[in-house]
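File shown: model_19.txt (compact mmCIF, C-alpha atoms and all ligand atoms).
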# COMPACT_ATOMS: atom_id res chain seq x y z
CA MET A 1 10.36 8.04 17.66
CA ALA A 2 10.38 4.30 18.11
CA ALA A 3 13.66 2.63 18.88
CA ARG A 4 15.18 0.98 15.86
CA PRO A 5 17.80 -1.72 15.79
CA ALA A 6 21.17 -0.17 15.01
CA SER A 7 21.85 -2.50 12.11
CA GLY A 8 18.36 -2.05 10.80
CA GLN A 9 17.99 -5.82 10.50
CA ALA A 10 17.72 -7.36 13.92
CA SER A 11 14.12 -7.04 15.01
CA TRP A 12 12.00 -8.49 12.24
CA LYS A 13 11.48 -12.10 11.52
CA ASP A 14 11.25 -13.81 8.21
CA GLU A 15 7.78 -15.09 8.92
CA PRO A 16 6.02 -16.36 5.86
CA MET A 17 2.45 -15.03 5.80
CA ARG A 18 1.09 -17.12 2.99
CA LEU A 19 -2.59 -17.66 2.90
CA ASP A 20 -3.69 -21.20 3.24
CA TRP A 21 -5.10 -22.02 -0.14
CA SER A 22 -3.29 -23.34 -3.18
CA ASP A 23 -0.61 -21.26 -4.84
CA VAL A 24 -2.83 -20.71 -7.80
CA THR A 25 -5.94 -18.86 -6.74
CA PRO A 26 -8.40 -18.58 -9.58
CA GLU A 27 -10.86 -15.76 -9.29
CA ALA A 28 -13.67 -18.29 -9.00
CA VAL A 29 -12.30 -19.32 -5.61
CA PHE A 30 -12.40 -15.75 -4.37
CA MET A 31 -15.82 -15.19 -5.80
CA ASN A 32 -17.15 -18.21 -3.95
CA ARG A 33 -17.86 -16.73 -0.57
CA ARG A 34 -17.91 -19.96 1.35
CA ALA A 35 -14.56 -20.98 -0.01
CA PHE A 36 -13.19 -17.55 0.76
CA LEU A 37 -14.41 -17.50 4.33
CA ALA A 38 -12.97 -20.94 4.96
CA ALA A 39 -9.63 -19.76 3.67
CA ALA A 40 -9.68 -16.40 5.41
CA GLY A 41 -10.34 -18.05 8.75
CA ALA A 42 -6.89 -19.59 8.56
CA THR A 43 -4.97 -16.46 7.68
CA LEU A 44 -3.38 -13.49 9.33
CA ALA A 45 -4.58 -11.18 6.63
CA LEU A 46 -7.72 -10.08 8.44
CA PRO A 47 -6.50 -10.28 12.01
CA GLN A 48 -8.86 -7.89 13.76
CA GLY A 49 -12.25 -6.50 13.00
CA ALA A 50 -13.46 -9.53 11.15
CA GLY A 51 -13.37 -11.71 14.22
CA ALA A 52 -13.95 -8.88 16.66
CA ALA A 53 -17.10 -7.83 14.86
CA GLY A 54 -18.23 -11.43 14.76
CA ALA A 55 -19.15 -10.95 11.14
CA PRO A 56 -16.29 -11.92 8.87
CA ALA A 57 -18.60 -11.74 5.87
CA GLU A 58 -18.45 -7.96 6.16
CA ASP A 59 -14.78 -8.16 5.28
CA LYS A 60 -15.23 -10.13 2.10
CA PRO A 61 -13.03 -8.91 -0.75
CA ASN A 62 -14.29 -6.26 -3.10
CA THR A 63 -14.97 -7.34 -6.67
CA LEU A 64 -12.27 -6.92 -9.30
CA ASP A 65 -14.56 -4.42 -10.97
CA GLU A 66 -14.73 -2.27 -7.82
CA ILE A 67 -10.98 -2.60 -7.22
CA THR A 68 -10.15 -1.41 -10.74
CA HIS A 69 -12.81 1.30 -11.18
CA TYR A 70 -12.67 3.28 -7.94
CA ASN A 71 -9.10 4.50 -7.67
CA ASN A 72 -6.80 7.30 -6.72
CA PHE A 73 -4.02 7.60 -9.29
CA TYR A 74 -3.58 11.29 -10.00
CA GLU A 75 -1.17 10.56 -12.83
CA PHE A 76 -4.35 9.83 -14.82
CA GLY A 77 -6.60 12.48 -13.29
CA THR A 78 -8.27 13.24 -9.99
CA GLY A 79 -11.55 11.42 -10.67
CA LYS A 80 -12.10 7.93 -9.24
CA THR A 81 -12.78 6.46 -12.68
CA ASP A 82 -10.05 8.42 -14.50
CA PRO A 83 -7.40 5.68 -14.04
CA ALA A 84 -9.69 3.05 -15.59
CA GLU A 85 -10.75 5.43 -18.33
CA TYR A 86 -7.35 6.82 -19.31
CA GLY A 87 -5.00 4.02 -18.18
CA GLY A 88 -4.96 2.42 -21.62
CA SER A 89 -2.31 4.84 -22.84
CA PHE A 90 0.18 3.56 -20.25
CA GLN A 91 2.44 0.65 -21.33
CA PRO A 92 3.87 -0.91 -18.16
CA LEU A 93 5.98 -3.66 -19.76
CA PRO A 94 8.92 -4.13 -19.91
CA TRP A 95 9.66 -2.77 -16.44
CA SER A 96 12.62 -2.49 -14.15
CA VAL A 97 13.15 -1.02 -10.70
CA GLN A 98 16.32 0.82 -9.70
CA VAL A 99 17.37 -0.17 -6.16
CA ASP A 100 20.04 2.17 -4.85
CA GLY A 101 21.32 4.39 -2.07
CA LEU A 102 22.69 2.74 1.07
CA VAL A 103 22.77 -0.84 -0.22
CA ASP A 104 25.70 -3.15 -0.97
CA ARG A 105 24.39 -4.17 -4.39
CA PRO A 106 22.74 -1.20 -6.12
CA GLY A 107 21.37 -1.62 -9.61
CA SER A 108 18.48 -2.05 -11.94
CA ARG A 109 16.31 -5.13 -11.37
CA ALA A 110 13.91 -6.58 -13.92
CA LEU A 111 10.35 -7.10 -12.72
CA ASP A 112 10.82 -10.90 -12.82
CA GLU A 113 13.89 -10.60 -10.63
CA ILE A 114 12.08 -8.52 -8.00
CA ALA A 115 8.95 -10.68 -8.01
CA PRO A 116 9.69 -14.12 -9.49
CA ALA A 117 6.48 -16.14 -9.90
CA ARG A 118 7.59 -18.76 -7.36
CA ALA A 119 7.96 -16.08 -4.66
CA VAL A 120 4.58 -14.42 -5.15
CA GLU A 121 2.21 -14.71 -2.19
CA ASP A 122 -1.49 -14.01 -1.68
CA ARG A 123 -2.43 -11.32 0.85
CA ILE A 124 -5.96 -10.14 1.51
CA TYR A 125 -5.65 -6.68 3.02
CA ARG A 126 -7.98 -3.87 3.88
CA LEU A 127 -7.10 -0.62 2.11
CA ARG A 128 -8.16 2.57 3.90
CA CYS A 129 -7.93 5.85 2.03
CA VAL A 130 -7.36 9.02 4.05
CA GLU A 131 -10.49 10.35 2.31
CA GLY A 132 -12.62 8.01 4.42
CA TRP A 133 -13.40 5.04 2.16
CA SER A 134 -12.07 1.50 2.27
CA MET A 135 -11.92 -1.76 0.35
CA VAL A 136 -10.69 -5.30 0.86
CA ILE A 137 -8.22 -6.32 -1.83
CA PRO A 138 -6.74 -9.79 -2.51
CA TRP A 139 -3.24 -8.83 -3.60
CA ASN A 140 -0.50 -11.01 -5.01
CA GLY A 141 3.06 -9.89 -4.41
CA VAL A 142 6.36 -10.26 -2.60
CA PRO A 143 7.37 -8.90 0.79
CA LEU A 144 9.46 -5.76 0.36
CA ALA A 145 11.83 -7.08 3.05
CA GLY A 146 13.15 -9.81 0.75
CA VAL A 147 13.93 -7.30 -2.01
CA LEU A 148 15.77 -5.04 0.43
CA LYS A 149 17.71 -7.91 1.99
CA ALA A 150 18.75 -9.13 -1.45
CA ALA A 151 20.17 -5.67 -2.14
CA GLY A 152 22.11 -5.70 1.12
CA VAL A 153 20.86 -2.94 3.44
CA GLN A 154 23.82 -1.01 4.85
CA ALA A 155 24.13 -0.16 8.54
CA GLY A 156 23.54 3.58 8.02
CA ALA A 157 20.24 3.13 6.18
CA LYS A 158 17.23 4.40 8.15
CA TRP A 159 14.59 5.25 5.51
CA VAL A 160 13.33 3.83 2.24
CA ALA A 161 12.15 6.14 -0.54
CA PHE A 162 9.86 5.09 -3.40
CA THR A 163 9.53 6.90 -6.72
CA SER A 164 6.56 6.35 -9.02
CA VAL A 165 6.90 6.46 -12.77
CA LEU A 166 7.20 9.77 -14.66
CA ARG A 167 5.79 9.45 -18.17
CA PRO A 168 3.77 12.55 -19.01
CA GLU A 169 3.37 11.34 -22.59
CA GLN A 170 1.41 8.31 -21.30
CA MET A 171 -0.20 9.84 -18.22
CA PRO A 172 -2.61 12.73 -18.83
CA GLY A 173 -2.70 13.80 -15.16
CA GLN A 174 1.05 14.42 -15.27
CA ARG A 175 0.57 16.83 -18.15
CA ARG A 176 -1.85 18.88 -16.05
CA GLY A 177 0.45 19.04 -13.03
CA VAL A 178 -2.14 18.65 -10.23
CA LEU A 179 0.68 17.24 -8.09
CA ASP A 180 4.42 17.70 -8.29
CA PHE A 181 5.33 14.53 -10.22
CA PRO A 182 6.88 12.03 -9.96
CA TYR A 183 4.85 10.88 -6.96
CA VAL A 184 7.23 10.06 -4.12
CA GLU A 185 6.65 8.21 -0.86
CA ALA A 186 8.80 6.77 1.93
CA LEU A 187 8.82 4.52 4.98
CA ARG A 188 11.04 4.18 7.99
CA LEU A 189 13.32 1.17 7.49
CA ASP A 190 11.57 -0.94 10.13
CA GLU A 191 8.21 -0.24 8.50
CA ALA A 192 9.64 -1.19 5.12
CA MET A 193 11.06 -4.43 6.55
CA HIS A 194 7.82 -5.39 8.31
CA PRO A 195 6.42 -8.68 6.99
CA LEU A 196 3.04 -7.08 6.15
CA THR A 197 4.69 -4.61 3.75
CA LEU A 198 4.18 -5.86 0.22
CA LEU A 199 5.28 -5.08 -3.31
CA ALA A 200 2.13 -6.07 -5.17
CA THR A 201 2.21 -7.33 -8.74
CA GLY A 202 -1.32 -8.68 -9.02
CA VAL A 203 -4.90 -8.78 -7.77
CA TYR A 204 -7.08 -11.92 -7.88
CA GLY A 205 -4.20 -13.80 -9.51
CA LYS A 206 -4.10 -11.46 -12.52
CA PRO A 207 -1.35 -8.91 -13.28
CA LEU A 208 -2.08 -5.52 -11.72
CA ALA A 209 -4.42 -3.30 -13.69
CA VAL A 210 -2.93 0.05 -14.67
CA ALA A 211 -5.47 1.65 -12.33
CA ASN A 212 -3.95 -0.23 -9.36
CA GLY A 213 -0.35 0.73 -10.19
CA ALA A 214 0.87 -1.70 -12.84
CA PRO A 215 3.15 -3.49 -12.94
CA ILE A 216 4.36 -3.15 -9.33
CA ARG A 217 3.21 -1.00 -6.40
CA LEU A 218 3.72 -0.73 -2.69
CA VAL A 219 1.04 -1.90 -0.21
CA VAL A 220 1.31 -0.85 3.45
CA PRO A 221 -2.02 -2.00 4.88
CA TRP A 222 -1.89 -0.24 8.28
CA LYS A 223 -1.32 3.21 6.71
CA TYR A 224 -3.57 5.49 4.71
CA GLY A 225 -3.56 4.52 1.06
CA PHE A 226 -1.46 7.45 -0.14
CA LYS A 227 1.63 5.81 1.39
CA SER A 228 1.24 2.88 -1.03
CA ALA A 229 2.92 4.34 -4.11
CA LYS A 230 1.96 2.94 -7.51
CA SER A 231 4.02 1.99 -10.57
CA ILE A 232 7.32 2.10 -8.69
CA THR A 233 10.51 2.70 -10.67
CA ARG A 234 13.00 3.35 -7.90
CA ILE A 235 13.64 2.27 -4.30
CA THR A 236 16.34 4.23 -2.48
CA LEU A 237 17.78 3.59 1.00
CA THR A 238 18.72 6.80 2.80
CA ASP A 239 19.93 8.07 6.16
CA THR A 240 17.66 11.14 6.20
CA ARG A 241 13.87 11.20 5.96
CA PRO A 242 12.87 11.53 2.31
CA PRO A 243 10.29 14.09 1.16
CA THR A 244 6.86 12.63 0.34
CA THR A 245 4.27 14.01 -2.07
CA TRP A 246 1.15 14.62 0.04
CA ASN A 247 3.12 15.57 3.13
CA MET A 248 5.03 18.23 1.19
CA LEU A 249 1.81 19.59 -0.24
CA GLN A 250 -0.13 19.85 3.03
CA PRO A 251 1.80 18.55 6.07
CA ARG A 252 -0.96 19.30 8.57
CA GLU A 253 -3.47 17.21 6.64
CA TYR A 254 -1.17 14.39 5.49
CA GLY A 255 1.40 13.29 8.03
CA PHE A 256 4.54 11.41 7.12
CA TYR A 257 3.55 8.36 9.17
CA ALA A 258 -0.11 8.36 8.10
CA ASN A 259 -0.99 5.39 10.28
CA VAL A 260 -4.72 4.70 10.16
CA ASN A 261 -6.05 6.07 13.44
CA PRO A 262 -9.72 6.64 14.36
CA ASP A 263 -8.66 9.12 17.08
CA VAL A 264 -6.69 11.51 14.86
CA ASP A 265 -9.08 13.36 12.58
CA HIS A 266 -8.17 14.92 9.30
CA PRO A 267 -8.48 18.70 9.84
CA ARG A 268 -11.45 18.74 7.48
CA TRP A 269 -13.24 15.49 8.40
CA SER A 270 -13.53 12.82 11.06
CA GLN A 271 -11.55 9.59 10.73
CA ALA A 272 -13.68 7.77 13.32
CA SER A 273 -15.59 5.85 10.67
CA GLU A 274 -15.23 4.86 7.05
CA ARG A 275 -17.37 3.84 4.10
CA ARG A 276 -16.71 0.41 2.62
CA ILE A 277 -16.94 0.58 -1.17
CA GLY A 278 -19.62 -1.84 -2.32
CA GLY A 279 -21.04 -2.00 1.18
CA GLY A 280 -24.60 -1.27 0.13
CA LEU A 281 -26.86 1.61 1.06
CA LEU A 282 -26.68 1.23 4.83
CA GLY A 283 -23.94 -1.38 5.17
CA GLY A 284 -21.08 0.73 3.93
CA ARG A 285 -20.38 2.71 7.11
CA ARG A 286 -18.18 1.08 9.76
CA PRO A 287 -15.85 2.17 12.55
CA THR A 288 -12.26 2.85 11.59
CA LEU A 289 -9.88 0.34 13.19
CA MET A 290 -6.61 1.41 14.85
CA PHE A 291 -3.80 0.70 12.39
CA ASN A 292 -6.57 -0.40 10.02
CA GLY A 293 -7.01 -3.58 12.09
CA TYR A 294 -3.31 -4.56 12.08
CA ALA A 295 -2.44 -3.22 15.55
CA ASP A 296 -1.38 -6.63 16.87
CA GLN A 297 1.28 -6.82 14.17
CA VAL A 298 2.49 -3.23 13.96
CA ALA A 299 1.75 -1.24 17.14
CA SER A 300 5.17 -2.17 18.57
CA LEU A 301 6.84 -0.24 15.75
CA TYR A 302 5.53 2.96 17.33
CA ALA A 303 6.16 2.26 21.00
CA GLY A 304 7.01 5.51 22.76
CA MET A 305 5.76 7.65 19.90
CA ASP A 306 2.98 10.19 20.44
CA LEU A 307 0.57 9.07 17.74
CA ALA A 308 -1.53 12.24 18.04
CA ARG A 309 1.52 14.39 17.34
CA ASP A 310 3.59 12.20 14.99
CA TYR A 311 0.75 11.35 12.68
N1 LIG B 401 1.79 7.14 -7.91
C1 LIG B 401 0.66 7.23 -7.18
N2 LIG B 401 0.47 6.34 -6.18
C2 LIG B 401 -0.67 6.41 -5.46
C3 LIG B 401 -1.62 7.42 -5.66
C4 LIG B 401 -1.38 8.35 -6.72
O1 LIG B 401 -2.18 9.27 -7.01
N3 LIG B 401 -0.23 8.22 -7.46
N4 LIG B 401 -2.76 7.50 -4.87
C5 LIG B 401 -2.65 6.88 -3.54
C6 LIG B 401 -3.91 6.83 -2.81
S1 LIG B 401 -4.49 8.28 -2.16
C7 LIG B 401 -4.57 5.65 -2.56
S2 LIG B 401 -5.95 5.59 -1.57
C8 LIG B 401 -4.11 4.38 -3.19
C9 LIG B 401 -5.26 3.78 -3.95
O2 LIG B 401 -4.93 2.50 -4.45
P1 LIG B 401 -5.96 1.73 -5.37
O3 LIG B 401 -6.48 2.72 -6.38
O4 LIG B 401 -5.20 0.61 -6.00
O5 LIG B 401 -7.07 1.24 -4.48
O6 LIG B 401 -3.01 4.57 -4.08
C10 LIG B 401 -2.04 5.48 -3.61
N5 LIG B 401 -0.87 5.46 -4.47
MO MO B 402 -5.99 7.71 -0.60
Show the structure stored in the file as structure tokens.
Ligand SMILES: Nc1nc2c(c(=O)[nH]1)N[C@H]1C(S)=C(S)[C@@H](COP(=O)(O)O)O[C@H]1N2
Ligand SMILES: [Mo]
Amino acid sequence: MAARPASGQASWKDEPMRLDWSDVTPEAVFMNRRAFLAAAGATLALPQGAGAAGAPAEDKPNTLDEITHYNNFYEFGTGKTDPAEYGGSFQPLPWSVQVDGLVDRPGSRALDEIAPARAVEDRIYRLRCVEGWSMVIPWNGVPLAGVLKAAGVQAGAKWVAFTSVLRPEQMPGQRRGVLDFPYVEALRLDEAMHPLTLLATGVYGKPLAVANGAPIRLVVPWKYGFKSAKSITRITLTDTRPPTTWNMLQPREYGFYANVNPDVDHPRWSQASERRIGGGLLGGRRPTLMFNGYADQVASLYAGMDLARDY
């Protein structure tokens, strides 16, 4: 277990990680590859891999169509196109998030309060699913750290639990009970406070599609995608490690930490490589990057931990 600051607040910095283009980022800008590459060159969002491979074009963002039509969101079904197909029955607005547990100021926060437009940042992140596929997604959102700090994290808090929405009447997958809903996930406090950890409210400058977890979802880019819970209704600070959906179901296959790691295989398949969605017939296969390419930013969180054992 990595050492954590006793107060839970001492070791992270309030570094802004804004991308370097204008606050308003019309989709046309993203779709223009030259403009995108110029912008991406100045960001921290694609820190490894792109440069290391010498071919940043390989890490160009996926199209909005790919991002919204190849999804895991079991609340709508287990098929990749089920969320796009059946998401229309879900009405995300109005929305509020309950922030509670070991915080000084617990309570319900409106979506606008959690992610006011002026605070929303652009973050282009790789997303790596534990199933072995990946995408590059230009999110818009707010760092989770700011939301937690605003709530006043208490000294005893060590973990942060996330609860996804439970609305069986609007979510056909919840009526079939393939998972034990609501979907729950959690992070260690230092992971939750890390500047890369985002509460996303949009993609390509548009509000999140239902398929991506409207209206607000977690994004933890160095971990397998199942850690990034969608359609979050509650954030709870705790002093004991919260239960998490996939880990409860099959702990050997889905660890609590779930850091992307090419050296720790899933019991049923290798994690050494991945398939980039939209990567073409031959171009889609690529090596998996340690911490999904974010090792420079996050490896220190796990100093002293045995990554092969505490996966
Ligand atoms: N509530 C909820 N959150 C979820 C899931 C889910 O089924 N339900 N699937 C997870 C998995 S396995 C992945 S890979 C990502 C996929 O995010 P995306 O569909 O926006 O790419 O969402 C994660 N968050
Ligand atoms: Mo996933």
Once you count all atoms listed in the file, which residues end up within 7 Å of ligand MO 402 (chain B), and could you hand them over as an mmCIF file with C-alpha atoms, in the frame of the given file?
data_model
loop_
_atom_site.group_PDB
_atom_site.id
_atom_site.type_symbol
_atom_site.label_atom_id
_atom_site.label_comp_id
_atom_site.auth_asym_id
_atom_site.auth_seq_id
_atom_site.Cartn_x
_atom_site.Cartn_y
_atom_site.Cartn_z
ATOM 1 C CA ASN A 72 -6.800 7.300 -6.720
ATOM 2 C CA CYS A 129 -7.930 5.850 2.030
ATOM 3 C CA VAL A 130 -7.360 9.020 4.050
ATOM 4 C CA GLU A 131 -10.490 10.350 2.310
ATOM 5 C CA TYR A 224 -3.570 5.490 4.710
ATOM 6 C CA GLY A 225 -3.560 4.520 1.060
ATOM 7 C CA PHE A 226 -1.460 7.450 -0.140
#
As number ranges by chain, please: every protein or nucleic acid residue near ligand LIG 401 (chain B) (cut-off 9 Å, counting all atoms listed in the file). A: 67-78, 80, 83, 127-131, 133-135, 137, 163-165, 179, 181-185, 208-213, 217-219, 224-232, 246
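The residue that comes closest to Ile235 in chain A, out of A:Thr81, A:Ala186, A:Asn140, A:Asp296 and on the basis of all atoms listed in the file, is A:Ala186.
When all atoms listed in the file are used to compute distances to Leu189 in chain A, the closest of the residues A:Gln91, A:Thr288, A:Asn247, A:Thr238 turns out to be A:Thr238.
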If you count only C-alpha atoms, which residues fall within 7 Å of range 190-193 of chain A, apart from same-chain ones fewer than 4 positions away, as a list in words? Gly8, Leu144, Ala145, Val160 and Thr197 of chain A
Polymer residues at most 9 Å from range 103-120 of chain A, only C-alpha atoms, same-chain spacing of 2 or more positions, as a PyMOL selection string: chain A and resi 23+93-101+122+140-143+146-155+157+199-201+215-216+234+236-237
Excluding Phe291 in chain A and residues on its chain fewer than 4 positions from it, collect all residues at most 10 Å away from it, counting only C-alpha atoms, and give them as a PyMOL selection string. chain A and resi 128+221-224+258-262+295-299
Take the residues from that selection and write them out as an mmCIF file, keeping the file's coordinate frame, keeping C-alpha atoms.
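The resulting selection-v6.cif:
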data_model
loop_
_atom_site.group_PDB
_atom_site.id
_atom_site.type_symbol
_atom_site.label_atom_id
_atom_site.label_comp_id
_atom_site.auth_asym_id
_atom_site.auth_seq_id
_atom_site.Cartn_x
_atom_site.Cartn_y
_atom_site.Cartn_z
ATOM 1 C CA ARG A 128 -8.160 2.570 3.900
ATOM 2 C CA PRO A 221 -2.020 -2.000 4.880
ATOM 3 C CA TRP A 222 -1.890 -0.240 8.280
ATOM 4 C CA LYS A 223 -1.320 3.210 6.710
ATOM 5 C CA TYR A 224 -3.570 5.490 4.710
ATOM 6 C CA ALA A 258 -0.110 8.360 8.100
ATOM 7 C CA ASN A 259 -0.990 5.390 10.280
ATOM 8 C CA VAL A 260 -4.720 4.700 10.160
ATOM 9 C CA ASN A 261 -6.050 6.070 13.440
ATOM 10 C CA PRO A 262 -9.720 6.640 14.360
ATOM 11 C CA ALA A 295 -2.440 -3.220 15.550
ATOM 12 C CA ASP A 296 -1.380 -6.630 16.870
ATOM 13 C CA GLN A 297 1.280 -6.820 14.170
ATOM 14 C CA VAL A 298 2.490 -3.230 13.960
ATOM 15 C CA ALA A 299 1.750 -1.240 17.140
#
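Straight-line separation from CA of Lys158 in chain A to CA of Leu198 in chain A: 18.4 Å.
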My list of candidates is A:Arg175, A:Lys60, A:His194, A:Pro138. Which is closest to Lys206 in chain A when distances are computed with all atoms listed in the file? A:Pro138
Do a neighbour search on range 251-253 of chain A at 9 Å with only C-alpha atoms, toss out local chain neighbours closer than 6 positions, and write the hits as a PyMOL selection string. chain A and resi 266-268
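Counting from CA of Ser270 in chain A, the distance to CA of Pro287 in chain A is 11.0 Å.
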From the set A:Val178, A:Leu307, A:Ala272, A:Leu187, which residue has the shortest atom-to-atom contact distance to Pro242 in chain A, counting all atoms listed in the file? A:Leu187
Repair of range 206-221 of chain A at the level of N, CA and C atoms, as a compact mmCIF listing (two decimals), keeping the file's coordinate frame:
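In the end it all went to result.txt:
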# COMPACT_ATOMS: atom_id res chain seq x y z
N LYS A 206 -4.35 -12.06 -11.20
CA LYS A 206 -4.10 -11.46 -12.52
C LYS A 206 -3.08 -10.33 -12.34
N PRO A 207 -2.28 -10.05 -13.38
CA PRO A 207 -1.35 -8.91 -13.28
C PRO A 207 -2.10 -7.65 -12.90
N LEU A 208 -1.45 -6.77 -12.16
CA LEU A 208 -2.08 -5.52 -11.72
C LEU A 208 -2.65 -4.75 -12.90
N ALA A 209 -3.86 -4.24 -12.72
CA ALA A 209 -4.42 -3.30 -13.69
C ALA A 209 -3.63 -2.00 -13.59
N VAL A 210 -3.57 -1.27 -14.69
CA VAL A 210 -2.93 0.05 -14.67
C VAL A 210 -3.50 0.88 -13.53
N ALA A 211 -4.80 0.83 -13.35
CA ALA A 211 -5.47 1.65 -12.33
C ALA A 211 -4.95 1.36 -10.92
N ASN A 212 -4.47 0.14 -10.68
CA ASN A 212 -3.95 -0.23 -9.36
C ASN A 212 -2.44 -0.03 -9.23
N GLY A 213 -1.78 0.45 -10.29
CA GLY A 213 -0.35 0.73 -10.19
C GLY A 213 0.54 -0.26 -10.89
N ALA A 214 0.10 -0.73 -12.07
CA ALA A 214 0.87 -1.70 -12.84
C ALA A 214 2.27 -1.16 -13.14
N PRO A 215 3.27 -2.06 -13.21
CA PRO A 215 3.15 -3.49 -12.94
C PRO A 215 3.52 -3.85 -11.50
N ILE A 216 3.95 -2.85 -10.71
CA ILE A 216 4.36 -3.15 -9.33
C ILE A 216 4.15 -1.93 -8.46
N ARG A 217 3.50 -2.13 -7.29
CA ARG A 217 3.21 -1.00 -6.40
C ARG A 217 3.38 -1.46 -4.94
N LEU A 218 3.58 -0.47 -4.11
CA LEU A 218 3.72 -0.73 -2.69
C LEU A 218 2.34 -0.93 -2.05
N VAL A 219 2.26 -1.80 -1.02
CA VAL A 219 1.04 -1.90 -0.21
C VAL A 219 1.44 -1.95 1.26
N VAL A 220 1.02 -0.93 2.01
CA VAL A 220 1.31 -0.85 3.45
C VAL A 220 -0.03 -0.79 4.16
N PRO A 221 -0.59 -1.94 4.56
CA PRO A 221 -2.02 -2.00 4.88
C PRO A 221 -2.43 -1.25 6.14
